[in-house]
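Structure file my_file-v1.txt (compact mmCIF, C-alpha atoms) follows.
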```
# COMPACT_ATOMS: atom_id res chain seq x y z
CA MET L 433 -32.17 -65.36 15.85
CA ASN L 434 -31.86 -61.62 15.24
CA ASN L 435 -35.21 -59.93 15.89
CA THR L 436 -33.86 -56.38 15.54
CA ARG L 437 -36.12 -54.19 13.41
CA GLU L 438 -34.59 -51.52 11.17
CA VAL L 439 -35.94 -48.01 10.52
CA ASP L 440 -34.46 -44.67 9.53
CA VAL L 441 -35.76 -42.74 12.55
CA VAL L 442 -36.98 -43.74 16.01
CA VAL L 443 -39.11 -41.19 17.88
CA ILE L 444 -39.10 -41.74 21.64
CA GLY L 445 -42.15 -40.21 23.32
CA ALA L 446 -45.62 -39.33 22.05
CA GLY L 447 -46.35 -36.10 23.87
CA GLN L 448 -46.58 -32.77 22.06
CA ALA L 449 -42.94 -32.86 20.91
CA GLY L 450 -42.96 -36.46 19.74
CA LEU L 451 -46.22 -36.14 17.83
CA ALA L 452 -44.99 -32.93 16.18
CA GLY L 453 -41.84 -34.74 15.08
CA ALA L 454 -43.85 -37.72 13.78
CA TYR L 455 -46.22 -35.42 11.89
CA HIS L 456 -43.34 -33.69 10.08
CA LEU L 457 -41.69 -37.03 9.30
CA ARG L 458 -44.97 -38.15 7.71
CA ARG L 459 -45.24 -34.88 5.77
CA SER L 460 -41.67 -35.39 4.51
CA GLY L 461 -42.43 -38.77 2.98
CA PHE L 462 -41.36 -41.07 5.83
CA GLU L 463 -43.78 -43.97 6.32
CA PRO L 464 -44.66 -45.16 9.83
CA ASP L 465 -43.46 -48.70 10.64
CA ARG L 466 -41.37 -48.77 7.46
CA ASP L 467 -39.20 -45.63 7.78
CA PHE L 468 -39.91 -44.50 11.33
CA VAL L 469 -41.52 -45.70 14.53
CA VAL L 470 -42.93 -43.82 17.53
CA LEU L 471 -42.38 -45.49 20.90
CA ASP L 472 -44.28 -44.30 23.97
CA ARG L 473 -44.12 -45.68 27.51
CA SER L 474 -47.52 -44.32 28.58
CA PRO L 475 -50.58 -46.56 28.62
CA GLY L 476 -52.56 -44.33 26.25
CA PRO L 477 -52.47 -41.13 24.19
CA GLY L 478 -52.05 -37.78 25.93
CA GLY L 479 -48.39 -37.58 26.91
CA ALA L 480 -47.89 -36.27 30.45
CA TRP L 481 -51.30 -34.57 30.31
CA GLN L 482 -53.07 -37.89 30.93
CA PHE L 483 -51.57 -37.99 34.44
CA ARG L 484 -52.67 -34.50 35.53
CA TRP L 485 -54.95 -34.22 38.53
CA PRO L 486 -58.74 -33.99 37.92
CA SER L 487 -59.09 -30.47 39.35
CA LEU L 488 -56.78 -29.11 36.63
CA THR L 489 -59.57 -28.38 34.17
CA TYR L 490 -58.90 -27.31 30.61
CA GLY L 491 -59.95 -23.75 31.43
CA LYS L 492 -57.05 -23.49 33.90
CA VAL L 493 -54.43 -24.55 31.37
CA HIS L 494 -52.25 -21.72 30.12
CA GLY L 495 -50.53 -21.72 26.74
CA MET L 496 -51.70 -25.06 25.34
CA HIS L 497 -50.82 -24.77 21.66
CA ALA L 498 -52.46 -26.94 19.01
CA LEU L 499 -50.49 -29.71 17.34
CA PRO L 500 -49.45 -29.03 13.74
CA GLY L 501 -52.16 -29.72 11.19
CA MET L 502 -55.14 -30.04 13.58
CA GLU L 503 -56.68 -27.41 15.85
CA LEU L 504 -58.14 -28.22 19.24
CA THR L 505 -61.60 -26.67 19.05
CA ASP L 506 -64.76 -26.55 21.17
CA ALA L 507 -63.08 -28.00 24.27
CA ASP L 508 -65.18 -27.72 27.43
CA PRO L 509 -63.22 -25.50 29.85
CA ALA L 510 -64.84 -27.27 32.83
CA ARG L 511 -63.65 -30.71 31.71
CA PRO L 512 -60.40 -32.13 33.20
CA SER L 513 -57.44 -31.25 31.00
CA ALA L 514 -56.28 -34.88 31.17
CA GLU L 515 -59.45 -35.96 29.36
CA VAL L 516 -59.54 -33.09 26.85
CA ILE L 517 -55.94 -33.40 25.72
CA SER L 518 -55.83 -37.21 25.79
CA ASP L 519 -58.87 -37.30 23.49
CA TYR L 520 -57.29 -34.68 21.23
CA PHE L 521 -53.98 -36.57 21.00
CA ASP L 522 -55.87 -39.80 20.29
CA ARG L 523 -57.76 -38.18 17.40
CA TYR L 524 -54.52 -36.69 16.13
CA GLU L 525 -52.64 -39.99 16.11
CA ARG L 526 -55.47 -41.64 14.19
CA ALA L 527 -56.00 -38.76 11.75
CA PHE L 528 -52.36 -38.81 10.63
CA ASP L 529 -51.93 -42.58 11.01
CA LEU L 530 -48.87 -42.24 13.25
CA ARG L 531 -49.17 -45.80 14.61
CA VAL L 532 -47.72 -45.06 18.04
CA ARG L 533 -46.53 -48.21 19.81
CA ARG L 534 -47.34 -48.37 23.51
CA PRO L 535 -46.62 -49.13 26.22
CA VAL L 536 -42.95 -49.40 25.24
CA ASP L 537 -40.27 -48.54 27.77
CA VAL L 538 -37.00 -47.45 26.14
CA ARG L 539 -34.21 -48.71 28.38
CA ALA L 540 -31.05 -47.67 26.53
CA VAL L 541 -29.76 -46.26 23.25
CA ARG L 542 -26.33 -47.55 22.23
CA GLU L 543 -23.87 -47.22 19.39
CA GLU L 544 -24.10 -50.02 16.85
CA PRO L 545 -21.21 -51.03 14.57
CA GLY L 546 -21.67 -49.49 11.15
CA GLY L 547 -22.88 -46.10 12.30
CA ARG L 548 -26.40 -47.03 13.38
CA LEU L 549 -28.01 -46.78 16.81
CA LEU L 550 -29.55 -49.61 18.81
CA VAL L 551 -32.68 -48.72 20.76
CA GLU L 552 -33.27 -51.34 23.46
CA THR L 553 -36.83 -51.49 24.77
CA SER L 554 -39.26 -53.59 26.73
CA GLN L 555 -40.70 -54.70 23.39
CA GLY L 556 -37.52 -55.58 21.55
CA VAL L 557 -34.72 -53.77 19.76
CA TRP L 558 -34.80 -51.25 16.93
CA SER L 559 -31.81 -50.33 14.78
CA THR L 560 -32.02 -46.78 13.49
CA ARG L 561 -30.01 -44.22 11.56
CA ALA L 562 -31.28 -41.29 13.66
CA LEU L 563 -33.26 -40.52 16.78
CA ILE L 564 -35.77 -37.89 17.88
CA ASN L 565 -35.87 -37.90 21.68
CA ALA L 566 -39.09 -36.39 23.01
CA THR L 567 -39.29 -37.89 26.49
CA GLY L 568 -40.09 -34.70 28.39
CA THR L 569 -39.76 -34.57 32.17
CA TRP L 570 -42.84 -36.14 33.80
CA ASP L 571 -41.07 -39.45 34.46
CA ARG L 572 -38.34 -37.74 36.52
CA PRO L 573 -39.89 -35.80 39.41
CA PHE L 574 -37.26 -34.00 41.45
CA TRP L 575 -37.28 -34.76 45.19
CA PRO L 576 -34.89 -32.56 47.21
CA ARG L 577 -33.21 -34.09 50.22
CA TYR L 578 -33.35 -32.44 53.64
CA PRO L 579 -32.05 -33.54 57.04
CA GLY L 580 -34.60 -35.60 58.96
CA GLN L 581 -36.72 -36.38 55.90
CA GLU L 582 -36.82 -40.09 56.70
CA THR L 583 -38.14 -39.40 60.22
CA PHE L 584 -41.31 -37.61 59.12
CA ARG L 585 -44.37 -39.56 60.29
CA GLY L 586 -46.78 -37.86 57.91
CA ARG L 587 -47.22 -38.20 54.17
CA GLN L 588 -44.80 -36.91 51.55
CA LEU L 589 -45.80 -36.69 47.90
CA HIS L 590 -44.73 -34.91 44.73
CA THR L 591 -46.75 -32.93 42.20
CA ALA L 592 -46.54 -36.01 39.97
CA GLN L 593 -48.71 -37.81 42.56
CA TYR L 594 -51.04 -34.91 43.40
CA PRO L 595 -54.59 -36.32 43.69
CA GLY L 596 -56.55 -33.07 43.95
CA PRO L 597 -57.42 -30.92 46.97
CA GLU L 598 -60.10 -33.06 48.62
CA GLU L 599 -57.56 -35.55 49.99
CA PHE L 600 -56.05 -32.85 52.20
CA ALA L 601 -59.25 -32.05 54.09
CA GLY L 602 -58.54 -31.23 57.73
CA GLN L 603 -54.79 -31.68 57.37
CA ARG L 604 -51.85 -29.36 57.94
CA VAL L 605 -50.00 -29.11 54.63
CA VAL L 606 -46.57 -27.71 53.82
CA VAL L 607 -46.19 -26.95 50.10
CA VAL L 608 -42.60 -26.68 48.87
CA GLY L 609 -41.91 -24.88 45.60
CA GLY L 610 -42.36 -21.48 43.99
CA GLY L 611 -43.54 -22.47 40.53
CA ALA L 612 -46.95 -22.56 38.89
CA SER L 613 -47.79 -26.01 40.30
CA GLY L 614 -46.97 -24.97 43.88
CA THR L 615 -49.18 -21.90 43.76
CA GLN L 616 -52.01 -23.82 42.07
CA HIS L 617 -51.84 -26.55 44.72
CA LEU L 618 -51.94 -23.98 47.53
CA LEU L 619 -54.89 -22.09 46.10
CA GLU L 620 -56.83 -25.34 45.74
CA ILE L 621 -55.87 -26.95 49.04
CA ALA L 622 -56.38 -23.88 51.28
CA SER L 623 -60.15 -24.17 51.50
CA TYR L 624 -59.94 -27.86 52.48
CA ALA L 625 -56.87 -28.01 54.73
CA ALA L 626 -56.69 -27.14 58.42
CA ALA L 627 -53.62 -25.02 57.63
CA THR L 628 -51.17 -24.45 54.79
CA THR L 629 -47.58 -23.21 54.79
CA TRP L 630 -45.74 -22.17 51.64
CA VAL L 631 -41.95 -22.43 51.53
CA THR L 632 -39.57 -21.71 48.65
CA ARG L 633 -35.80 -21.53 48.21
CA ARG L 634 -36.00 -18.10 46.57
CA PRO L 635 -38.59 -15.34 46.93
CA PRO L 636 -41.19 -15.69 44.17
CA VAL L 637 -41.06 -13.19 41.32
CA PHE L 638 -44.54 -12.11 40.25
CA ARG L 639 -44.94 -10.79 36.72
CA GLU L 640 -47.35 -7.94 36.03
CA GLY L 641 -48.99 -7.44 32.66
CA PRO L 642 -49.28 -9.74 29.63
CA PHE L 643 -46.57 -12.20 28.69
CA ASP L 644 -46.20 -10.99 25.11
CA GLU L 645 -44.16 -12.32 22.20
CA ASN L 646 -41.09 -10.26 23.08
CA ALA L 647 -41.12 -11.54 26.67
CA GLY L 648 -41.52 -15.08 25.38
CA ARG L 649 -38.55 -14.74 23.04
CA ALA L 650 -36.43 -13.30 25.84
CA ALA L 651 -37.32 -16.19 28.15
CA VAL L 652 -36.54 -18.79 25.48
CA ALA L 653 -33.21 -17.08 24.73
CA LEU L 654 -32.17 -17.41 28.38
CA VAL L 655 -32.92 -21.13 28.44
CA GLU L 656 -31.29 -21.58 25.03
CA GLU L 657 -28.08 -20.00 26.25
CA ARG L 658 -27.84 -22.48 29.12
CA VAL L 659 -28.38 -25.40 26.77
CA ARG L 660 -25.75 -24.09 24.35
CA GLN L 661 -23.30 -24.07 27.26
CA GLY L 662 -24.10 -27.69 28.11
CA LEU L 663 -25.89 -26.80 31.36
CA PRO L 664 -29.14 -28.45 32.48
CA PRO L 665 -32.21 -26.45 31.41
CA SER L 666 -33.50 -24.07 34.07
CA SER L 667 -37.08 -24.12 35.33
CA VAL L 668 -39.74 -22.24 33.41
CA VAL L 669 -40.66 -19.95 36.30
CA SER L 670 -37.03 -18.94 36.80
CA VAL L 671 -37.15 -17.13 33.47
CA THR L 672 -40.83 -16.18 33.15
CA GLY L 673 -41.90 -15.34 36.71
CA LEU L 674 -45.38 -16.07 38.07
CA PRO L 675 -48.28 -14.25 36.38
CA LEU L 676 -50.01 -11.92 38.82
CA ASN L 677 -53.57 -12.84 37.86
CA ASP L 678 -56.77 -12.42 39.89
CA ALA L 679 -56.43 -15.80 41.62
CA ILE L 680 -52.86 -15.06 42.69
CA ARG L 681 -53.83 -11.60 43.93
CA GLN L 682 -56.64 -13.08 45.99
CA GLY L 683 -54.29 -15.73 47.38
CA ILE L 684 -51.84 -13.06 48.49
CA GLU L 685 -54.62 -10.96 50.03
CA ASP L 686 -56.04 -13.98 51.91
CA GLY L 687 -52.62 -14.89 53.25
CA VAL L 688 -52.53 -18.25 51.44
CA LEU L 689 -49.56 -17.15 49.33
CA ASP L 690 -47.50 -15.97 52.26
CA ARG L 691 -44.10 -17.26 51.31
CA GLN L 692 -41.68 -18.49 53.97
CA PRO L 693 -37.98 -19.20 53.41
CA MET L 694 -36.94 -22.81 53.00
CA PHE L 695 -36.89 -24.76 56.25
CA ASP L 696 -33.60 -26.22 57.48
CA ARG L 697 -34.75 -29.65 58.55
CA ILE L 698 -37.72 -32.01 58.72
CA THR L 699 -38.84 -33.48 62.03
CA ALA L 700 -41.14 -36.35 62.90
CA ASP L 701 -44.14 -34.01 63.09
CA GLY L 702 -43.29 -31.07 60.81
CA VAL L 703 -40.54 -28.75 59.62
CA GLU L 704 -38.28 -26.30 61.43
CA TRP L 705 -35.85 -23.48 60.86
CA ASN L 706 -32.54 -22.67 62.52
CA ASP L 707 -34.09 -19.66 64.24
CA GLY L 708 -36.23 -22.01 66.32
CA ARG L 709 -39.50 -21.75 64.39
CA HIS L 710 -41.43 -24.98 63.91
CA VAL L 711 -44.54 -25.76 61.84
CA ASP L 712 -46.59 -28.88 62.53
CA ALA L 713 -47.46 -30.82 59.39
CA ASP L 714 -49.42 -33.90 58.37
CA VAL L 715 -48.35 -33.64 54.72
CA ILE L 716 -45.34 -32.27 52.83
CA LEU L 717 -46.18 -31.67 49.17
CA TRP L 718 -43.06 -31.27 47.03
CA ALA L 719 -43.94 -29.04 44.06
CA THR L 720 -40.27 -29.01 43.14
CA GLY L 721 -40.39 -29.66 39.45
CA PHE L 722 -38.93 -32.26 37.16
CA ARG L 723 -35.71 -33.09 35.37
CA ALA L 724 -35.26 -34.12 31.75
CA ALA L 725 -35.87 -37.86 31.31
CA VAL L 726 -32.76 -38.68 29.27
CA ASP L 727 -31.07 -41.44 31.28
CA HIS L 728 -31.62 -43.93 28.45
CA LEU L 729 -29.20 -41.84 26.36
CA THR L 730 -26.39 -42.29 28.93
CA PRO L 731 -24.48 -44.92 26.85
CA LEU L 732 -24.01 -42.31 24.10
CA ARG L 733 -22.09 -39.99 26.47
CA LEU L 734 -23.84 -36.82 25.32
CA ARG L 735 -23.66 -34.97 28.65
CA GLU L 736 -21.26 -32.07 29.03
CA PRO L 737 -19.21 -31.42 32.19
CA GLY L 738 -21.90 -28.92 33.24
CA GLY L 739 -24.44 -31.76 33.50
CA GLY L 740 -26.63 -30.98 30.48
CA ILE L 741 -26.68 -32.00 26.82
CA ARG L 742 -25.33 -29.23 24.62
CA LEU L 743 -27.58 -28.54 21.66
CA GLU L 744 -27.12 -26.76 18.36
CA GLY L 745 -30.73 -26.01 17.49
CA THR L 746 -32.36 -29.35 18.34
CA ARG L 747 -29.29 -31.41 17.42
CA ALA L 748 -26.98 -32.84 20.09
CA ALA L 749 -23.62 -31.16 19.56
CA ALA L 750 -21.86 -34.44 20.30
CA ASP L 751 -23.86 -36.51 17.79
CA PRO L 752 -25.75 -35.11 14.76
CA ARG L 753 -27.96 -38.23 14.62
CA ILE L 754 -29.61 -37.31 17.93
CA HIS L 755 -32.22 -34.56 18.19
CA LEU L 756 -33.88 -33.51 21.43
CA VAL L 757 -37.28 -31.89 21.09
CA GLY L 758 -39.26 -30.67 24.07
CA TYR L 759 -35.94 -30.15 25.87
CA GLY L 760 -34.75 -26.81 27.18
CA PRO L 761 -35.93 -23.96 24.93
CA SER L 762 -38.47 -26.18 23.13
CA ALA L 763 -40.18 -27.37 26.34
CA SER L 764 -43.30 -25.25 25.73
CA THR L 765 -46.08 -26.63 23.54
CA ILE L 766 -45.47 -24.12 20.74
CA GLY L 767 -41.73 -24.59 21.12
CA ALA L 768 -42.17 -28.35 20.77
CA ASN L 769 -44.06 -27.89 17.50
CA ARG L 770 -41.31 -25.73 16.04
CA ALA L 771 -38.59 -28.04 17.32
CA GLY L 772 -40.27 -31.07 15.75
CA ARG L 773 -40.29 -29.34 12.37
CA ALA L 774 -36.68 -28.17 12.72
CA ALA L 775 -35.47 -31.62 13.79
CA VAL L 776 -37.07 -33.33 10.79
CA ARG L 777 -35.70 -30.72 8.39
CA ASP L 778 -32.21 -31.34 9.76
CA LEU L 779 -32.56 -35.12 9.77
CA ARG L 780 -33.87 -35.13 6.21
CA ARG L 781 -30.61 -33.51 5.12
CA LEU L 782 -28.58 -35.92 7.24
CA LEU L 783 -30.36 -38.93 5.75
CA GLU L 784 -30.38 -37.42 2.25
CA ARG L 785 -34.12 -37.61 1.95
CA GLU L 786 -36.18 -35.17 -0.03
CA PRO L 787 -39.70 -34.22 1.03
CA ALA L 788 -42.60 -35.72 -0.83
CA ALA L 789 -44.35 -33.50 -3.34
CA ALA L 790 -47.10 -31.38 -1.80
```

Turn the structure described in the file into C-alpha cells.
Amino acid sequence: MNNTREVDVVVIGAGQAGLAGAYHLRRSGFEPDRDFVVLDRSPGPGGAWQFRWPSLTYGKVHGMHALPGMELTDADPARPSAEVISDYFDRYERAFDLRVRRPVDVRAVREEPGGRLLVETSQGVWSTRALINATGTWDRPFWPRYPGQETFRGRQLHTAQYPGPEEFAGQRVVVVGGGASGTQHLLEIASYAAATTWVTRRPPVFREGPFDENAGRAAVALVEERVRQGLPPSSVVSVTGLPLNDAIRQGIEDGVLDRQPMFDRITADGVEWNDGRHVDADVILWATGFRAAVDHLTPLRLREPGGGIRLEGTRAAADPRIHLVGYGPSASTIGANRAGRAAVRDLRRLLEREPAAA
C-alpha cells in the first residue's frame, strides 16, 4: 500500500525561517495540509530558542526580530528567552493556522521519478513539487578535535548542552571560542567558578559603536559572497565582530576576558601549549559554533566542491525546486523573514501559482 502524501511544498523546520516561509505560503493562497506541510523535529514550538539555557533571559537577546504579521510585545526582559519565544511562536502558529507537524524527523530528501521530491521522515513519506529547507544549525554543534581529547578526565560539553553558570561552581573551566556564546558563558561562569581560562583560534575583534544598517548590509554581503561561491557560510562573529558593550568592557577590565591562544593538546587534567604552559581544568566548554543541518539533502547532491550549497538568492543553484532559508546570509531573524518571503515568491512562479486576492 502506498501511504505517500502529496503536497506542492514541504517546509522543513519551524524556527523563524520556517514559520516565515509558511506564513507567506498561506498569504499566497497555499492551504496547510492540502498544498503545503510544515515538518519540525522539535518537541514543541520555539525553534532552537526552546533549548537555550535559563540564564539567557529575553533582555539579553540581541536582534530578535518579530515574525511577519505579528509583533512580539510586552515581553518580560527578566523571563528566560526560551519561554518568551516559545510562547510567541506557539501563538503565531495558532493565529495563522500553520498546522506544524511535530516531532517529525526528516531523514532524507530524494529525487522521485516524474520530477517530484520524496521527503522521507519518521512519520512517513511526503511527495512534493518543491521544498523550503529551514533547518538552521542547532542540531549540528561543531566539536573540534585536539590531540589527547579522549584522555581528559573532566567534563566536556558544547554550548548546545550549556546548563547555566551554577553547575560550574568551584570548578576550573576552560572556555573555547571567540563568539558571542563564548563571551556570554565566561561572563556568567566567572563569579561561580574557581578559575576560568578563555582560548580562541584567532584574536577576538571587538566592535566599537552601533551596528547600523550599513554595517549590517556589509556583513550580509560578505556571507552572501561565500555562499554564491559554494563555500560553507562563515560564522556571524567573523563578519560582525563582538560588540564592545558595558558587560564586555567590565569583563576585560576584570581579567575574565583575557584571551589566550588555542592550546596544542588536551591532557588528562587540563590543556597545554607547546611552550610548556599548562592549565588545570575540570571542565572544557566548547563554544565553537554550529554547522548547517543539511545532511538530509545529501541524496540531491547539492554541495559544491568547496563544501557548501551554492545559492542564487534563496534558491539552490543546482536545483530550482529547493530553497534554503535561514542559511548563510539569511541566518539572522530579520534575514530569515525576508528570505521566507523571497523563497515563496520564487516558488509561486515555479509552480505557476498566483497569490490570492488581498

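Computed from the coordinates, the atom CA of L:Ile684 to atom CA of L:Trp705 distance equals 22.7 Å.
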
What lies within 9 Å of L:Ala625 using only C-alpha atoms, ignoring chain neighbours under 4 positions off, as a ChimeraX atom specification?
/L:597-605,621

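Picture a line from atom CA of L:Ala507 to atom CA of L:Thr489; it runs 10.5 Å.
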
Counting all atoms listed in the file, closest pick from L:Gly580, L:Gly739, L:Val659, L:Arg587 relative to L:Glu704 is L:Gly580

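Closest approach to L:Phe483 among L:Val470, L:Val439, L:Ile517, L:Ala510 is made by L:Ile517 (distances from all atoms listed in the file).
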
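With all atoms listed in the file as the basis for measurement, L:Ser762 is the residue among L:Gln616, L:Thr591, L:Gln482, L:Ser762 that approaches L:Gly568 most closely.
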
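Of note, atom CA of L:Ala771 and atom CA of L:Thr746 are spaced 6.4 Å apart.
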
Quick one: everything within 9 Å of L:Arg691, counting all atoms listed in the file, minus sequence neighbours fewer than 5 positions away in the same chain. Send it as a ChimeraX atom specification.
/L:610,629-632,635-636

Skipping near chain neighbours, those fewer than 6 positions away, what residues fall within 7 Å of L:Gly478 using all atoms listed in the file, listed as an NGL selection string?
:L and (447 or 517-518 or 521)

What are the closest atom pairs, with distances in Å to one decimal, for each residue of stretch 562-667 of chain L lying within 12 Å of stretch 532-553 of chain L, using only C-alpha atoms, rows by chain and rising residue number, as a tab-separated table?
```
residue	atom	partner	partner_atom	distance
L:Ala562	CA	L:Leu549	CA	7.1
L:Leu563	CA	L:Leu549	CA	8.2
L:Ile564	CA	L:Val541	CA	11.6
L:Asn565	CA	L:Val541	CA	10.5
L:Ala566	CA	L:Val538	CA	11.7
L:Thr567	CA	L:Val538	CA	9.8
L:Asp571	CA	L:Asp537	CA	11.3
```

I need the residues from that last selection saved to file as a PDB file, in the coordinates of the input (with C-alpha atoms), if you can.
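Writing done, so here's selection_27.pdb:
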```
ATOM      1  CA  ALA L 562     -31.280 -41.290  13.660  1.00  0.00           C
ATOM      2  CA  LEU L 563     -33.260 -40.520  16.780  1.00  0.00           C
ATOM      3  CA  ILE L 564     -35.770 -37.890  17.880  1.00  0.00           C
ATOM      4  CA  ASN L 565     -35.870 -37.900  21.680  1.00  0.00           C
ATOM      5  CA  ALA L 566     -39.090 -36.390  23.010  1.00  0.00           C
ATOM      6  CA  THR L 567     -39.290 -37.890  26.490  1.00  0.00           C
ATOM      7  CA  ASP L 571     -41.070 -39.450  34.460  1.00  0.00           C
TER       8      ASP L 571
END
```

Generate N, CA, C and O atoms for stretch 552-569 of chain L and emit them as a PDB file, in the frame of the given file.
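This is the output file rebuild-v5.pdb:
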```pdb
ATOM      1  N   GLU L 552     -32.852 -50.168  22.699  1.00  0.00           N
ATOM      2  CA  GLU L 552     -33.270 -51.340  23.460  1.00  0.00           C
ATOM      3  C   GLU L 552     -34.512 -51.001  24.269  1.00  0.00           C
ATOM      4  O   GLU L 552     -34.518 -50.022  25.029  1.00  0.00           O
ATOM      5  N   THR L 553     -35.553 -51.790  24.126  1.00  0.00           N
ATOM      6  CA  THR L 553     -36.830 -51.490  24.770  1.00  0.00           C
ATOM      7  C   THR L 553     -37.437 -52.725  25.409  1.00  0.00           C
ATOM      8  O   THR L 553     -36.966 -53.845  25.228  1.00  0.00           O
ATOM      9  N   SER L 554     -38.517 -52.494  26.118  1.00  0.00           N
ATOM     10  CA  SER L 554     -39.260 -53.590  26.730  1.00  0.00           C
ATOM     11  C   SER L 554     -39.962 -54.458  25.698  1.00  0.00           C
ATOM     12  O   SER L 554     -40.440 -55.550  26.016  1.00  0.00           O
ATOM     13  N   GLN L 555     -40.035 -53.967  24.470  1.00  0.00           N
ATOM     14  CA  GLN L 555     -40.700 -54.700  23.390  1.00  0.00           C
ATOM     15  C   GLN L 555     -39.748 -55.035  22.252  1.00  0.00           C
ATOM     16  O   GLN L 555     -40.161 -55.114  21.100  1.00  0.00           O
ATOM     17  N   GLY L 556     -38.475 -55.201  22.577  1.00  0.00           N
ATOM     18  CA  GLY L 556     -37.520 -55.580  21.550  1.00  0.00           C
ATOM     19  C   GLY L 556     -36.548 -54.467  21.207  1.00  0.00           C
ATOM     20  O   GLY L 556     -36.486 -53.441  21.894  1.00  0.00           O
ATOM     21  N   VAL L 557     -35.800 -54.674  20.136  1.00  0.00           N
ATOM     22  CA  VAL L 557     -34.720 -53.770  19.760  1.00  0.00           C
ATOM     23  C   VAL L 557     -34.972 -53.213  18.363  1.00  0.00           C
ATOM     24  O   VAL L 557     -35.358 -53.948  17.445  1.00  0.00           O
ATOM     25  N   TRP L 558     -34.754 -51.902  18.232  1.00  0.00           N
ATOM     26  CA  TRP L 558     -34.800 -51.250  16.930  1.00  0.00           C
ATOM     27  C   TRP L 558     -33.405 -50.752  16.568  1.00  0.00           C
ATOM     28  O   TRP L 558     -32.678 -50.228  17.434  1.00  0.00           O
ATOM     29  N   SER L 559     -33.045 -50.907  15.307  1.00  0.00           N
ATOM     30  CA  SER L 559     -31.810 -50.330  14.780  1.00  0.00           C
ATOM     31  C   SER L 559     -32.211 -49.143  13.920  1.00  0.00           C
ATOM     32  O   SER L 559     -33.086 -49.253  13.058  1.00  0.00           O
ATOM     33  N   THR L 560     -31.596 -48.002  14.175  1.00  0.00           N
ATOM     34  CA  THR L 560     -32.020 -46.780  13.490  1.00  0.00           C
ATOM     35  C   THR L 560     -30.824 -45.951  13.042  1.00  0.00           C
ATOM     36  O   THR L 560     -29.733 -46.031  13.629  1.00  0.00           O
ATOM     37  N   ARG L 561     -31.048 -45.132  12.028  1.00  0.00           N
ATOM     38  CA  ARG L 561     -30.010 -44.220  11.560  1.00  0.00           C
ATOM     39  C   ARG L 561     -30.014 -42.919  12.348  1.00  0.00           C
ATOM     40  O   ARG L 561     -29.012 -42.222  12.400  1.00  0.00           O
ATOM     41  N   ALA L 562     -31.166 -42.570  12.941  1.00  0.00           N
ATOM     42  CA  ALA L 562     -31.280 -41.290  13.660  1.00  0.00           C
ATOM     43  C   ALA L 562     -32.365 -41.417  14.717  1.00  0.00           C
ATOM     44  O   ALA L 562     -33.190 -42.345  14.689  1.00  0.00           O
ATOM     45  N   LEU L 563     -32.359 -40.451  15.629  1.00  0.00           N
ATOM     46  CA  LEU L 563     -33.260 -40.520  16.780  1.00  0.00           C
ATOM     47  C   LEU L 563     -33.815 -39.146  17.098  1.00  0.00           C
ATOM     48  O   LEU L 563     -33.074 -38.155  17.128  1.00  0.00           O
ATOM     49  N   ILE L 564     -35.135 -39.082  17.318  1.00  0.00           N
ATOM     50  CA  ILE L 564     -35.770 -37.890  17.880  1.00  0.00           C
ATOM     51  C   ILE L 564     -36.184 -38.251  19.306  1.00  0.00           C
ATOM     52  O   ILE L 564     -37.054 -39.101  19.510  1.00  0.00           O
ATOM     53  N   ASN L 565     -35.542 -37.634  20.281  1.00  0.00           N
ATOM     54  CA  ASN L 565     -35.870 -37.900  21.680  1.00  0.00           C
ATOM     55  C   ASN L 565     -36.855 -36.850  22.169  1.00  0.00           C
ATOM     56  O   ASN L 565     -36.565 -35.657  22.156  1.00  0.00           O
ATOM     57  N   ALA L 566     -38.026 -37.304  22.580  1.00  0.00           N
ATOM     58  CA  ALA L 566     -39.090 -36.390  23.010  1.00  0.00           C
ATOM     59  C   ALA L 566     -39.706 -36.906  24.306  1.00  0.00           C
ATOM     60  O   ALA L 566     -40.925 -37.007  24.435  1.00  0.00           O
ATOM     61  N   THR L 567     -38.845 -37.225  25.272  1.00  0.00           N
ATOM     62  CA  THR L 567     -39.290 -37.890  26.490  1.00  0.00           C
ATOM     63  C   THR L 567     -39.731 -36.950  27.600  1.00  0.00           C
ATOM     64  O   THR L 567     -40.193 -37.408  28.649  1.00  0.00           O
ATOM     65  N   GLY L 568     -39.569 -35.641  27.411  1.00  0.00           N
ATOM     66  CA  GLY L 568     -40.090 -34.700  28.390  1.00  0.00           C
ATOM     67  C   GLY L 568     -39.460 -34.847  29.760  1.00  0.00           C
ATOM     68  O   GLY L 568     -38.292 -35.227  29.903  1.00  0.00           O
ATOM     69  N   THR L 569     -40.275 -34.576  30.797  1.00  0.00           N
ATOM     70  CA  THR L 569     -39.760 -34.570  32.170  1.00  0.00           C
ATOM     71  C   THR L 569     -40.634 -35.314  33.169  1.00  0.00           C
ATOM     72  O   THR L 569     -40.195 -35.573  34.290  1.00  0.00           O
TER      73      THR L 569
END
```
